[in-house]
Amino acid sequence: MNFHVPRSAVPDLPDPDEAASATPVEPVVPREAATVMLLRDTPDGIEVFLQRRVAAMKFAAGMTVFPGGGVDERDADASIAWAGPSAATWAEWFGCDEPLARALVCAAVRETFEESGVLLAGAGPDETVTDTSRYADARAALVGRQLSLAAFLAESGLTLRADLLRPWANWVTPEQESRRYDTRFFVAALPSGQTADGETTEASSSGWRRPADAMADGTAGRSMLMPPTWAMLEDLAECATVADVLATERTPVPKVMPTLHVDGDTVLVQL
C-alpha cells in the first residue's frame with residue numbers, strides 16, 4: 001500500500017538535501033504510545049472522534065488526530081481491576097511482553113478519558129459508566145499526573161473494561177524523524193450515555209467526522225493528517241457500521257514502519 005500525503009503532514013521529516021549532507025546519527029528510540037479511534041453510528045454511516053492539536057504542542061502541532069498519547073510507567077500497575085481479554089492475550093495480539101501490553105491498554109483508557117471525557121470502565125465487569133461528569137476532578141488530576149489510573153479506578157470502585165477495546169494497528173515513526181513513537185491503535189464504540197467533549201488543553205477543536213469527510217478535509221487543506229491517521233481513516237471508511245469495525249479481525253497486529261520519500265509538495269508513504 002502506497003499513498004501520498006501533503007508535506008506538511010510530516011513536520012519532523014528533514015529536508016532531503018539537508019539529510020543527504022548531514023552526518024549520520026543513531027535513530028531516536030521510539031516512545032511507547034496508545035491511540036483510540038472512538039466510534040459511533042449515525043444514519044449517514046460511522047463517525048470517528050477527532051481533535052485538532054494546539055499549535056504550541058511539541059509533537060504534531062496543528063494536526064488532526066485521534067485521542068491518545070505516551071505510556072506512563074504507572075500504566076503498567078497490575079493491581080487494576082480488569083475485565084475482558086487478559087494482558088497476556090493483548091501481549092500476543094501486539095507482539096510484546098505482558099507488562100507493556102497492560103500498560104498500553106491502560107494508557108488507551110486513560111488518554112481517552114483525559115482527552116475526550118469518555119471512560120471505558122464500570123462498576124463491575126458487565127457495567128459501563130454512563131455519566132462521567134462526577135469524575136471531573138479525577139480527570140484533571142490524571143491530566144496533571146497527580147493521580148494514576150490505578151489509584152483513580154480503585155478510589156472510584158471502577159473496573160477497567162478492556163473488552164470495550166479492539167486492537168487495530170501498530171505504527172512506528174520512521175527512523176529519519178526526530179520525534180518517534182511506537183503507537184498501538186485501538187478502536188472502541190462510544191459507550192451508551194456518554195458524550196465525547198473537547199475539554200482538553202491539547203486540542204483547539206474537537207468533533208465527530210465521517211472518515212471519508214475527514215480525508216476530504218485533509219485533501220482540501222482544511223486539516224492536516226499524519227500518515228497513520230490517513231491510513232486509519234481509509235480503513236474505517238470501508239466499514240458501514242461500528243459493529244463491522246469491532247468484528248474485523250486484526251490480530252496478530254503487524255508492526256508497520258513506513259518509508260517516507262519527499263516528492264515535491266507531497267510525501268510518498270510506502271508500507
# chains A, B, ... in the order shown; residues from 1 in each chain; ligands from 1
call {"tool": "select_by_dssp", "arguments": {"residues": "region 154-259 of chain A", "states": "strand (DSSP E)", "output": "PyMOL selection string"}}
result
chain A and resi 159-161+165-172+181-189+203-209+255-256+259
call {"tool": "select_by_dssp", "arguments": {"residues": "region 17-203 of chain A", "states": "helix (DSSP H, G or I)", "output": "short mmCIF file (atom, residue, chain, number, x, y, z; two decimals) with all heavy atoms, in the first residue's frame"}}
result
data_model
loop_
_atom_site.label_atom_id
_atom_site.label_comp_id
_atom_site.auth_asym_id
_atom_site.auth_seq_id
_atom_site.Cartn_x
_atom_site.Cartn_y
_atom_site.Cartn_z
N ASP A 17 17.74 17.46 0.95
CA ASP A 17 19.09 17.97 0.69
C ASP A 17 19.90 18.07 1.97
O ASP A 17 21.08 17.72 2.02
CB ASP A 17 19.00 19.34 0.02
CG ASP A 17 18.42 19.26 -1.37
OD1 ASP A 17 18.57 18.20 -2.01
OD2 ASP A 17 17.80 20.25 -1.82
N GLU A 18 19.24 18.53 3.04
CA GLU A 18 19.93 18.63 4.33
C GLU A 18 20.27 17.25 4.86
O GLU A 18 21.34 17.03 5.42
CB GLU A 18 19.05 19.38 5.33
CG GLU A 18 18.81 20.84 4.98
CD GLU A 18 17.93 21.52 6.00
OE1 GLU A 18 17.49 20.84 6.95
OE2 GLU A 18 17.66 22.72 5.85
N ALA A 19 19.34 16.31 4.69
CA ALA A 19 19.57 14.96 5.18
C ALA A 19 20.74 14.30 4.46
O ALA A 19 21.52 13.55 5.05
CB ALA A 19 18.29 14.12 5.01
N ALA A 20 20.86 14.58 3.16
CA ALA A 20 21.92 13.95 2.38
C ALA A 20 23.30 14.43 2.81
O ALA A 20 24.28 13.68 2.76
CB ALA A 20 21.70 14.25 0.90
N SER A 21 23.40 15.70 3.26
CA SER A 21 24.69 16.25 3.64
C SER A 21 24.98 16.14 5.13
O SER A 21 26.10 16.40 5.56
CB SER A 21 24.75 17.73 3.23
OG SER A 21 23.73 18.47 3.89
N GLU A 73 4.65 5.21 33.01
CA GLU A 73 5.17 3.99 33.64
C GLU A 73 4.17 3.41 34.64
O GLU A 73 4.15 2.20 34.89
CB GLU A 73 6.50 4.26 34.33
CG GLU A 73 6.46 5.29 35.44
CD GLU A 73 7.82 5.53 36.08
OE1 GLU A 73 8.83 5.09 35.48
OE2 GLU A 73 7.87 6.14 37.16
N ARG A 74 3.31 4.27 35.21
CA ARG A 74 2.31 3.79 36.17
C ARG A 74 1.17 3.05 35.49
O ARG A 74 0.36 2.38 36.18
CB ARG A 74 1.77 4.97 36.99
CG ARG A 74 2.82 5.68 37.84
CD ARG A 74 2.26 6.89 38.55
NE ARG A 74 1.79 7.91 37.61
CZ ARG A 74 1.18 9.03 37.97
NH1 ARG A 74 0.96 9.28 39.25
NH2 ARG A 74 0.80 9.91 37.06
N ASP A 75 1.08 3.14 34.16
CA ASP A 75 0.01 2.43 33.44
C ASP A 75 0.18 0.92 33.52
O ASP A 75 -0.76 0.17 33.22
CB ASP A 75 0.00 2.86 31.97
CG ASP A 75 -0.52 4.29 31.78
OD1 ASP A 75 -1.34 4.74 32.61
OD2 ASP A 75 -0.09 4.95 30.82
N ALA A 76 1.36 0.46 33.90
CA ALA A 76 1.61 -0.99 33.98
C ALA A 76 1.19 -1.59 35.31
O ALA A 76 1.41 -2.78 35.56
CB ALA A 76 3.09 -1.27 33.73
N ALA A 87 -4.05 -9.30 29.97
CA ALA A 87 -2.85 -8.65 29.48
C ALA A 87 -2.02 -9.62 28.65
O ALA A 87 -1.38 -9.22 27.67
CB ALA A 87 -2.03 -8.11 30.65
N ALA A 88 -2.03 -10.90 29.01
CA ALA A 88 -1.29 -11.91 28.25
C ALA A 88 -1.85 -12.03 26.83
O ALA A 88 -1.09 -12.19 25.87
CB ALA A 88 -1.37 -13.25 28.96
N THR A 89 -3.17 -11.95 26.70
CA THR A 89 -3.79 -12.03 25.38
C THR A 89 -3.43 -10.80 24.55
O THR A 89 -3.09 -10.91 23.37
CB THR A 89 -5.32 -12.15 25.51
OG1 THR A 89 -5.65 -13.35 26.20
CG2 THR A 89 -5.98 -12.16 24.14
N TRP A 90 -3.49 -9.62 25.17
CA TRP A 90 -3.11 -8.40 24.45
C TRP A 90 -1.64 -8.46 24.04
O TRP A 90 -1.26 -7.97 22.98
CB TRP A 90 -3.36 -7.18 25.33
CG TRP A 90 -4.81 -6.80 25.44
CD1 TRP A 90 -5.67 -7.11 26.44
CD2 TRP A 90 -5.57 -6.03 24.49
NE1 TRP A 90 -6.92 -6.60 26.18
CE2 TRP A 90 -6.89 -5.93 25.00
CE3 TRP A 90 -5.27 -5.42 23.28
CZ2 TRP A 90 -7.90 -5.24 24.32
CZ3 TRP A 90 -6.27 -4.73 22.60
CH2 TRP A 90 -7.56 -4.65 23.13
N ALA A 91 -0.82 -9.08 24.88
CA ALA A 91 0.60 -9.22 24.54
C ALA A 91 0.77 -10.07 23.28
O ALA A 91 1.61 -9.77 22.41
CB ALA A 91 1.35 -9.85 25.71
N GLU A 92 -0.01 -11.13 23.15
CA GLU A 92 0.03 -11.96 21.95
C GLU A 92 -0.41 -11.16 20.73
O GLU A 92 0.18 -11.26 19.65
CB GLU A 92 -0.86 -13.19 22.13
CG GLU A 92 -0.36 -14.19 23.16
CD GLU A 92 -1.29 -15.38 23.30
OE1 GLU A 92 -2.25 -15.47 22.49
OE2 GLU A 92 -1.08 -16.20 24.21
N TRP A 93 -1.47 -10.39 20.90
CA TRP A 93 -2.02 -9.62 19.78
C TRP A 93 -1.02 -8.57 19.29
O TRP A 93 -0.88 -8.36 18.09
CB TRP A 93 -3.32 -8.93 20.19
CG TRP A 93 -4.47 -9.87 20.36
CD1 TRP A 93 -4.57 -11.13 19.86
CD2 TRP A 93 -5.69 -9.61 21.05
NE1 TRP A 93 -5.79 -11.69 20.21
CE2 TRP A 93 -6.49 -10.78 20.93
CE3 TRP A 93 -6.20 -8.52 21.75
CZ2 TRP A 93 -7.77 -10.87 21.50
CZ3 TRP A 93 -7.46 -8.61 22.31
CH2 TRP A 93 -8.25 -9.77 22.19
N PHE A 94 -0.35 -7.90 20.22
CA PHE A 94 0.55 -6.82 19.85
C PHE A 94 2.02 -7.25 19.75
O PHE A 94 2.89 -6.43 19.41
CB PHE A 94 0.44 -5.66 20.85
CG PHE A 94 -0.74 -4.76 20.61
CD1 PHE A 94 -1.61 -4.44 21.64
CD2 PHE A 94 -0.98 -4.22 19.35
CE1 PHE A 94 -2.70 -3.58 21.43
CE2 PHE A 94 -2.06 -3.37 19.12
CZ PHE A 94 -2.92 -3.05 20.16
N GLU A 98 4.01 -8.91 28.51
CA GLU A 98 2.75 -8.69 29.23
C GLU A 98 2.70 -7.34 29.95
O GLU A 98 1.67 -6.65 29.88
CB GLU A 98 2.51 -9.84 30.21
CG GLU A 98 1.14 -9.84 30.83
CD GLU A 98 0.86 -11.11 31.63
OE1 GLU A 98 1.36 -12.19 31.21
OE2 GLU A 98 0.17 -11.02 32.65
N PRO A 99 3.76 -6.92 30.66
CA PRO A 99 3.69 -5.61 31.32
C PRO A 99 3.45 -4.47 30.33
O PRO A 99 2.67 -3.55 30.62
CB PRO A 99 5.06 -5.49 32.00
CG PRO A 99 5.48 -6.90 32.23
CD PRO A 99 4.98 -7.65 31.03
N LEU A 100 4.08 -4.52 29.17
CA LEU A 100 3.86 -3.47 28.18
C LEU A 100 2.44 -3.53 27.64
O LEU A 100 1.79 -2.50 27.45
CB LEU A 100 4.86 -3.58 27.04
CG LEU A 100 4.67 -2.59 25.88
CD1 LEU A 100 4.67 -1.16 26.38
CD2 LEU A 100 5.73 -2.80 24.80
N ALA A 101 1.94 -4.73 27.40
CA ALA A 101 0.58 -4.87 26.90
C ALA A 101 -0.43 -4.27 27.89
O ALA A 101 -1.36 -3.56 27.50
CB ALA A 101 0.26 -6.35 26.66
N ARG A 102 -0.22 -4.56 29.19
CA ARG A 102 -1.11 -3.98 30.21
C ARG A 102 -1.01 -2.46 30.19
O ARG A 102 -2.02 -1.75 30.23
CB ARG A 102 -0.73 -4.51 31.60
CG ARG A 102 -1.62 -3.94 32.71
CD ARG A 102 -1.19 -4.44 34.08
NE ARG A 102 -1.36 -5.88 34.22
CZ ARG A 102 -0.37 -6.76 34.22
NH1 ARG A 102 0.88 -6.34 34.13
NH2 ARG A 102 -0.61 -8.04 34.35
N ALA A 103 0.21 -1.95 30.08
CA ALA A 103 0.40 -0.51 30.07
C ALA A 103 -0.24 0.14 28.86
O ALA A 103 -0.82 1.24 28.95
CB ALA A 103 1.89 -0.18 30.11
N LEU A 104 -0.19 -0.51 27.72
CA LEU A 104 -0.79 0.04 26.50
C LEU A 104 -2.30 0.13 26.62
O LEU A 104 -2.91 1.14 26.24
CB LEU A 104 -0.41 -0.82 25.30
CG LEU A 104 1.04 -0.73 24.84
CD1 LEU A 104 1.39 -1.87 23.90
CD2 LEU A 104 1.30 0.62 24.15
N VAL A 105 -2.93 -0.92 27.14
CA VAL A 105 -4.39 -0.89 27.32
C VAL A 105 -4.78 0.18 28.32
O VAL A 105 -5.73 0.95 28.10
CB VAL A 105 -4.90 -2.28 27.76
CG1 VAL A 105 -6.39 -2.21 28.12
CG2 VAL A 105 -4.67 -3.32 26.67
N CYS A 106 -4.04 0.26 29.42
CA CYS A 106 -4.34 1.27 30.43
C CYS A 106 -4.12 2.68 29.89
O CYS A 106 -4.89 3.60 30.18
CB CYS A 106 -3.49 1.04 31.68
SG CYS A 106 -3.96 -0.44 32.61
N ALA A 107 -3.06 2.86 29.11
CA ALA A 107 -2.80 4.17 28.51
C ALA A 107 -3.92 4.54 27.56
O ALA A 107 -4.34 5.72 27.48
CB ALA A 107 -1.46 4.16 27.78
N ALA A 108 -4.44 3.56 26.82
CA ALA A 108 -5.54 3.82 25.90
C ALA A 108 -6.77 4.31 26.66
O ALA A 108 -7.43 5.29 26.26
CB ALA A 108 -5.87 2.56 25.11
N VAL A 109 -7.08 3.65 27.77
CA VAL A 109 -8.24 4.05 28.57
C VAL A 109 -8.00 5.41 29.22
O VAL A 109 -8.88 6.29 29.20
CB VAL A 109 -8.53 2.98 29.65
CG1 VAL A 109 -9.59 3.47 30.63
CG2 VAL A 109 -8.98 1.68 28.99
N ARG A 110 -6.82 5.60 29.78
CA ARG A 110 -6.51 6.86 30.46
C ARG A 110 -6.52 8.05 29.50
O ARG A 110 -7.12 9.08 29.77
CB ARG A 110 -5.13 6.74 31.14
CG ARG A 110 -4.67 8.04 31.81
CD ARG A 110 -3.31 7.87 32.47
NE ARG A 110 -2.29 7.36 31.58
CZ ARG A 110 -1.69 8.07 30.63
NH1 ARG A 110 -2.04 9.34 30.43
NH2 ARG A 110 -0.75 7.52 29.86
N GLU A 111 -5.82 7.91 28.37
CA GLU A 111 -5.74 9.01 27.42
C GLU A 111 -7.11 9.36 26.82
O GLU A 111 -7.43 10.52 26.59
CB GLU A 111 -4.76 8.66 26.29
CG GLU A 111 -3.30 8.68 26.70
CD GLU A 111 -2.74 10.09 26.86
OE1 GLU A 111 -3.41 11.04 26.40
OE2 GLU A 111 -1.65 10.24 27.44
N THR A 112 -7.93 8.34 26.58
CA THR A 112 -9.28 8.59 26.06
C THR A 112 -10.09 9.41 27.05
O THR A 112 -10.81 10.35 26.68
CB THR A 112 -9.99 7.28 25.74
OG1 THR A 112 -9.23 6.54 24.77
CG2 THR A 112 -11.39 7.51 25.18
N PHE A 113 -9.97 9.06 28.33
CA PHE A 113 -10.70 9.80 29.37
C PHE A 113 -10.15 11.21 29.51
O PHE A 113 -10.91 12.19 29.57
CB PHE A 113 -10.59 9.05 30.70
CG PHE A 113 -11.35 9.70 31.82
CD1 PHE A 113 -12.65 10.15 31.65
CD2 PHE A 113 -10.76 9.86 33.07
CE1 PHE A 113 -13.35 10.76 32.70
CE2 PHE A 113 -11.44 10.46 34.11
CZ PHE A 113 -12.74 10.91 33.93
N GLU A 114 -8.83 11.34 29.54
CA GLU A 114 -8.21 12.66 29.70
C GLU A 114 -8.59 13.61 28.56
O GLU A 114 -8.90 14.78 28.78
CB GLU A 114 -6.69 12.54 29.76
CG GLU A 114 -6.14 11.91 31.02
CD GLU A 114 -4.63 11.80 31.01
OE1 GLU A 114 -3.99 12.35 30.09
OE2 GLU A 114 -4.08 11.15 31.92
N GLU A 115 -8.56 13.10 27.33
CA GLU A 115 -8.69 13.97 26.17
C GLU A 115 -10.11 14.11 25.64
O GLU A 115 -10.40 15.07 24.92
CB GLU A 115 -7.76 13.50 25.06
CG GLU A 115 -6.29 13.58 25.45
CD GLU A 115 -5.34 13.40 24.28
OE1 GLU A 115 -5.82 13.20 23.14
OE2 GLU A 115 -4.13 13.47 24.49
N SER A 116 -11.00 13.17 25.98
CA SER A 116 -12.37 13.26 25.45
C SER A 116 -13.44 13.14 26.52
O SER A 116 -14.62 13.36 26.22
CB SER A 116 -12.60 12.18 24.39
OG SER A 116 -12.73 10.90 24.99
N SER A 133 -19.34 12.97 34.40
CA SER A 133 -19.13 14.32 34.97
C SER A 133 -18.72 14.26 36.43
O SER A 133 -18.01 15.16 36.91
CB SER A 133 -20.40 15.16 34.80
OG SER A 133 -21.49 14.58 35.51
N ARG A 134 -19.14 13.23 37.15
CA ARG A 134 -18.78 13.12 38.57
C ARG A 134 -17.28 12.90 38.77
O ARG A 134 -16.78 13.06 39.88
CB ARG A 134 -19.56 11.96 39.19
CG ARG A 134 -19.05 10.58 38.79
CD ARG A 134 -19.94 9.45 39.25
NE ARG A 134 -21.11 9.33 38.39
CZ ARG A 134 -21.97 8.32 38.47
NH1 ARG A 134 -21.80 7.38 39.40
NH2 ARG A 134 -23.00 8.25 37.66
N TYR A 135 -16.59 12.54 37.69
CA TYR A 135 -15.16 12.26 37.79
C TYR A 135 -14.32 13.41 37.21
O TYR A 135 -13.15 13.21 36.87
CB TYR A 135 -14.82 10.96 37.06
CG TYR A 135 -15.64 9.78 37.54
CD1 TYR A 135 -16.52 9.12 36.67
CD2 TYR A 135 -15.54 9.32 38.85
CE1 TYR A 135 -17.27 8.04 37.10
CE2 TYR A 135 -16.30 8.24 39.28
CZ TYR A 135 -17.17 7.61 38.40
OH TYR A 135 -17.92 6.55 38.83
N ALA A 136 -14.90 14.59 37.12
CA ALA A 136 -14.19 15.73 36.52
C ALA A 136 -12.91 16.07 37.27
O ALA A 136 -11.87 16.36 36.65
CB ALA A 136 -15.11 16.94 36.46
N ASP A 137 -12.96 16.04 38.59
CA ASP A 137 -11.77 16.36 39.37
C ASP A 137 -10.68 15.33 39.16
O ASP A 137 -9.48 15.66 39.05
CB ASP A 137 -12.11 16.47 40.86
CG ASP A 137 -12.94 17.70 41.19
OD1 ASP A 137 -12.99 18.62 40.35
OD2 ASP A 137 -13.55 17.73 42.27
N ALA A 138 -11.08 14.07 39.10
CA ALA A 138 -10.11 13.00 38.87
C ALA A 138 -9.51 13.12 37.47
O ALA A 138 -8.31 12.89 37.28
CB ALA A 138 -10.78 11.64 39.04
N ARG A 139 -10.32 13.51 36.51
CA ARG A 139 -9.82 13.69 35.15
C ARG A 139 -8.74 14.76 35.12
O ARG A 139 -7.68 14.57 34.50
CB ARG A 139 -10.98 14.08 34.23
CG ARG A 139 -10.60 14.32 32.77
CD ARG A 139 -11.81 14.73 31.97
NE ARG A 139 -11.48 15.03 30.58
CZ ARG A 139 -12.35 15.52 29.69
NH1 ARG A 139 -13.62 15.74 30.06
NH2 ARG A 139 -11.98 15.79 28.45
N ALA A 140 -8.97 15.86 35.80
CA ALA A 140 -7.98 16.94 35.86
C ALA A 140 -6.71 16.47 36.56
O ALA A 140 -5.59 16.81 36.15
CB ALA A 140 -8.56 18.14 36.58
N ALA A 141 -6.87 15.67 37.60
CA ALA A 141 -5.71 15.16 38.33
C ALA A 141 -4.91 14.18 37.48
O ALA A 141 -3.68 14.12 37.55
CB ALA A 141 -6.15 14.50 39.63
N LEU A 142 -5.60 13.40 36.66
CA LEU A 142 -4.91 12.49 35.74
C LEU A 142 -4.10 13.28 34.72
O LEU A 142 -2.96 12.95 34.42
CB LEU A 142 -5.93 11.60 35.03
CG LEU A 142 -6.53 10.45 35.85
CD1 LEU A 142 -7.75 9.87 35.14
CD2 LEU A 142 -5.49 9.36 36.09
N VAL A 143 -4.71 14.32 34.17
CA VAL A 143 -4.03 15.16 33.19
C VAL A 143 -2.77 15.77 33.80
O VAL A 143 -1.72 15.84 33.16
CB VAL A 143 -4.97 16.26 32.67
CG1 VAL A 143 -4.19 17.27 31.83
CG2 VAL A 143 -6.11 15.67 31.86
N LEU A 149 -3.95 6.11 36.90
CA LEU A 149 -5.19 5.45 36.51
C LEU A 149 -5.58 4.41 37.55
O LEU A 149 -6.75 4.30 37.92
CB LEU A 149 -5.03 4.79 35.14
CG LEU A 149 -6.27 4.04 34.64
CD1 LEU A 149 -7.40 5.02 34.31
CD2 LEU A 149 -5.93 3.19 33.41
N ALA A 150 -4.61 3.65 38.05
CA ALA A 150 -4.89 2.60 39.03
C ALA A 150 -5.51 3.20 40.29
O ALA A 150 -6.50 2.66 40.82
CB ALA A 150 -3.61 1.85 39.38
N ALA A 151 -4.95 4.30 40.79
CA ALA A 151 -5.48 4.93 42.00
C ALA A 151 -6.88 5.48 41.76
O ALA A 151 -7.78 5.34 42.60
CB ALA A 151 -4.55 6.04 42.46
N PHE A 152 -7.09 6.09 40.60
CA PHE A 152 -8.41 6.63 40.27
C PHE A 152 -9.47 5.53 40.24
O PHE A 152 -10.54 5.66 40.85
CB PHE A 152 -8.35 7.34 38.91
CG PHE A 152 -9.68 7.56 38.26
CD1 PHE A 152 -10.72 8.19 38.94
CD2 PHE A 152 -9.91 7.12 36.96
CE1 PHE A 152 -11.97 8.39 38.33
CE2 PHE A 152 -11.14 7.29 36.35
CZ PHE A 152 -12.17 7.93 37.03
N LEU A 153 -9.19 4.46 39.53
CA LEU A 153 -10.17 3.37 39.42
C LEU A 153 -10.44 2.74 40.78
O LEU A 153 -11.60 2.44 41.12
CB LEU A 153 -9.68 2.32 38.43
CG LEU A 153 -9.55 2.77 36.96
CD1 LEU A 153 -8.99 1.64 36.11
CD2 LEU A 153 -10.89 3.24 36.41
N ALA A 154 -9.40 2.54 41.57
CA ALA A 154 -9.57 1.92 42.89
C ALA A 154 -10.40 2.82 43.80
O ALA A 154 -11.33 2.35 44.48
CB ALA A 154 -8.21 1.65 43.52
N GLU A 155 -10.08 4.11 43.84
CA GLU A 155 -10.81 5.04 44.70
C GLU A 155 -12.27 5.19 44.28
O GLU A 155 -13.13 5.47 45.12
CB GLU A 155 -10.12 6.41 44.68
CG GLU A 155 -8.74 6.42 45.34
CD GLU A 155 -7.99 7.71 45.09
OE1 GLU A 155 -8.59 8.65 44.50
OE2 GLU A 155 -6.80 7.80 45.49
N SER A 156 -12.53 4.99 42.99
CA SER A 156 -13.89 5.16 42.47
C SER A 156 -14.65 3.84 42.40
O SER A 156 -15.82 3.83 42.00
CB SER A 156 -13.82 5.79 41.07
OG SER A 156 -13.13 7.02 41.08
N ALA A 162 -11.44 -3.69 29.41
CA ALA A 162 -10.57 -3.98 28.26
C ALA A 162 -11.36 -4.61 27.12
O ALA A 162 -10.93 -4.56 25.96
CB ALA A 162 -9.43 -4.91 28.68
N ASP A 163 -12.52 -5.19 27.45
CA ASP A 163 -13.34 -5.82 26.41
C ASP A 163 -14.03 -4.80 25.52
O ASP A 163 -14.60 -5.17 24.47
CB ASP A 163 -14.37 -6.75 27.05
CG ASP A 163 -15.24 -6.05 28.07
OD1 ASP A 163 -14.73 -5.16 28.79
OD2 ASP A 163 -16.43 -6.39 28.18
N LEU A 164 -14.01 -3.52 25.88
CA LEU A 164 -14.61 -2.49 25.04
C LEU A 164 -13.64 -2.00 23.98
O LEU A 164 -14.02 -1.22 23.10
CB LEU A 164 -15.08 -1.31 25.90
CG LEU A 164 -16.15 -1.62 26.95
CD1 LEU A 164 -16.54 -0.36 27.70
CD2 LEU A 164 -17.37 -2.27 26.30
#
call {"tool": "closest_residue", "arguments": {"among": "A:Thr132, A:Ser148, A:Gln51, A:Thr64", "to": "Ile80 (chain A)", "atoms": "only C-alpha atoms"}}
result
A:Ser148
call {"tool": "closest_atom_pairs", "arguments": {"of": "region 15-121 of chain A", "to": "region 234-245 of chain A", "cutoff": "7 Å", "atoms": "only C-alpha atoms", "output": "tab-separated table"}}
result
residue	atom	partner	partner_atom	distance
A:Leu39	CA	A:Val242	CA	6.5
A:Arg40	CA	A:Val242	CA	6.3
A:Asp41	CA	A:Val242	CA	6.0
A:Gly45	CA	A:Ala240	CA	5.9
A:Ile46	CA	A:Thr241	CA	5.6
call {"tool": "residues_around", "arguments": {"residues": "Gln194 (chain A)", "least_positions_apart": "4", "cutoff": "7 Å", "atoms": "only C-alpha atoms", "output": "PyMOL selection string"}}
result
chain A and resi 118+130-131+190
call {"tool": "write_last_selection", "arguments": {"atoms": "all heavy atoms", "output": "PDB file, in the first residue's frame"}}
result
ATOM      1  N   VAL A 118     -14.427  10.408  27.770  1.00  0.00           N
ATOM      2  CA  VAL A 118     -15.065   9.096  27.634  1.00  0.00           C
ATOM      3  C   VAL A 118     -14.281   8.092  28.475  1.00  0.00           C
ATOM      4  O   VAL A 118     -13.065   7.977  28.344  1.00  0.00           O
ATOM      5  CB  VAL A 118     -15.104   8.654  26.158  1.00  0.00           C
ATOM      6  CG1 VAL A 118     -15.577   7.206  26.039  1.00  0.00           C
ATOM      7  CG2 VAL A 118     -16.019   9.576  25.368  1.00  0.00           C
ATOM      8  N   THR A 130     -22.107   5.703  32.742  1.00  0.00           N
ATOM      9  CA  THR A 130     -22.930   6.464  31.799  1.00  0.00           C
ATOM     10  C   THR A 130     -22.785   7.968  31.982  1.00  0.00           C
ATOM     11  O   THR A 130     -22.994   8.734  31.051  1.00  0.00           O
ATOM     12  CB  THR A 130     -24.414   6.089  31.944  1.00  0.00           C
ATOM     13  OG1 THR A 130     -24.826   6.288  33.298  1.00  0.00           O
ATOM     14  CG2 THR A 130     -24.648   4.641  31.544  1.00  0.00           C
ATOM     15  N   ASP A 131     -22.422   8.397  33.190  1.00  0.00           N
ATOM     16  CA  ASP A 131     -22.236   9.823  33.465  1.00  0.00           C
ATOM     17  C   ASP A 131     -20.836  10.019  34.030  1.00  0.00           C
ATOM     18  O   ASP A 131     -20.557   9.634  35.159  1.00  0.00           O
ATOM     19  CB  ASP A 131     -23.292  10.318  34.455  1.00  0.00           C
ATOM     20  CG  ASP A 131     -23.100  11.783  34.836  1.00  0.00           C
ATOM     21  OD1 ASP A 131     -22.341  12.488  34.131  1.00  0.00           O
ATOM     22  OD2 ASP A 131     -23.698  12.224  35.831  1.00  0.00           O
ATOM     23  N   LEU A 190     -18.387   4.424  21.275  1.00  0.00           N
ATOM     24  CA  LEU A 190     -18.775   5.367  22.313  1.00  0.00           C
ATOM     25  C   LEU A 190     -19.792   4.685  23.231  1.00  0.00           C
ATOM     26  O   LEU A 190     -20.842   4.238  22.775  1.00  0.00           O
ATOM     27  CB  LEU A 190     -19.408   6.609  21.683  1.00  0.00           C
ATOM     28  CG  LEU A 190     -19.947   7.653  22.654  1.00  0.00           C
ATOM     29  CD1 LEU A 190     -18.802   8.333  23.402  1.00  0.00           C
ATOM     30  CD2 LEU A 190     -20.790   8.688  21.907  1.00  0.00           C
TER      31      LEU A 190
END
call {"tool": "atom_distance", "arguments": {"atom1": "CA of Gly124 (chain A)", "atom2": "CA of Ala189 (chain A)"}}
result
18.3 Å
call {"tool": "residues_around", "arguments": {"residues": "Val262 (chain A)", "least_positions_apart": "3", "cutoff": "8 Å", "atoms": "only C-alpha atoms", "output": "list in words"}}
result
Arg7, Pro16, Asp265, Thr266, Val267 and Leu268 of chain A
call {"tool": "write_last_selection", "arguments": {"atoms": "N, CA, C and O atoms", "output": "PDB file, in the first residue's frame"}}
result
ATOM      1  N   ARG A   7       3.201  17.517   2.301  1.00  0.00           N
ATOM      2  CA  ARG A   7       4.480  17.637   3.012  1.00  0.00           C
ATOM      3  C   ARG A   7       4.277  18.118   4.440  1.00  0.00           C
ATOM      4  O   ARG A   7       5.020  17.718   5.349  1.00  0.00           O
ATOM      5  N   PRO A  16      15.296  16.734   2.250  1.00  0.00           N
ATOM      6  CA  PRO A  16      16.162  15.703   1.651  1.00  0.00           C
ATOM      7  C   PRO A  16      17.576  16.187   1.362  1.00  0.00           C
ATOM      8  O   PRO A  16      18.544  15.428   1.493  1.00  0.00           O
ATOM      9  N   ASP A 265       5.771  18.805  -3.135  1.00  0.00           N
ATOM     10  CA  ASP A 265       4.965  19.284  -2.022  1.00  0.00           C
ATOM     11  C   ASP A 265       4.249  18.156  -1.291  1.00  0.00           C
ATOM     12  O   ASP A 265       3.430  18.400  -0.407  1.00  0.00           O
ATOM     13  N   THR A 266       4.533  16.925  -1.674  1.00  0.00           N
ATOM     14  CA  THR A 266       3.906  15.776  -1.034  1.00  0.00           C
ATOM     15  C   THR A 266       4.973  14.800  -0.551  1.00  0.00           C
ATOM     16  O   THR A 266       6.159  14.919  -0.882  1.00  0.00           O
ATOM     17  N   VAL A 267       4.534  13.856   0.265  1.00  0.00           N
ATOM     18  CA  VAL A 267       5.419  12.796   0.756  1.00  0.00           C
ATOM     19  C   VAL A 267       4.801  11.458   0.351  1.00  0.00           C
ATOM     20  O   VAL A 267       3.615  11.208   0.594  1.00  0.00           O
ATOM     21  N   LEU A 268       5.597  10.623  -0.300  1.00  0.00           N
ATOM     22  CA  LEU A 268       5.152   9.287  -0.665  1.00  0.00           C
ATOM     23  C   LEU A 268       5.355   8.376   0.530  1.00  0.00           C
ATOM     24  O   LEU A 268       6.481   8.243   1.036  1.00  0.00           O
TER      25      LEU A 268
END
call {"tool": "closest_atom_pairs", "arguments": {"of": "region 98-174 of chain A", "to": "region 221-228 of chain A", "cutoff": "10 Å", "atoms": "only C-alpha atoms", "output": "Markdown table"}}
result
| residue | atom | partner | partner_atom | distance |
| --- | --- | --- | --- | --- |
| A:Ala169 | CA | A:Pro228 | CA | 9.3 |
| A:Asn170 | CA | A:Pro228 | CA | 9.3 |
| A:Trp171 | CA | A:Pro228 | CA | 7.0 |
| A:Val172 | CA | A:Pro228 | CA | 9.2 |
| A:Thr173 | CA | A:Pro228 | CA | 9.2 |
call {"tool": "closest_residue", "arguments": {"among": "A:Phe186, A:Gly264, A:Leu271, A:Ser178", "to": "Val25 (chain A)", "atoms": "only C-alpha atoms"}}
result
A:Ser178
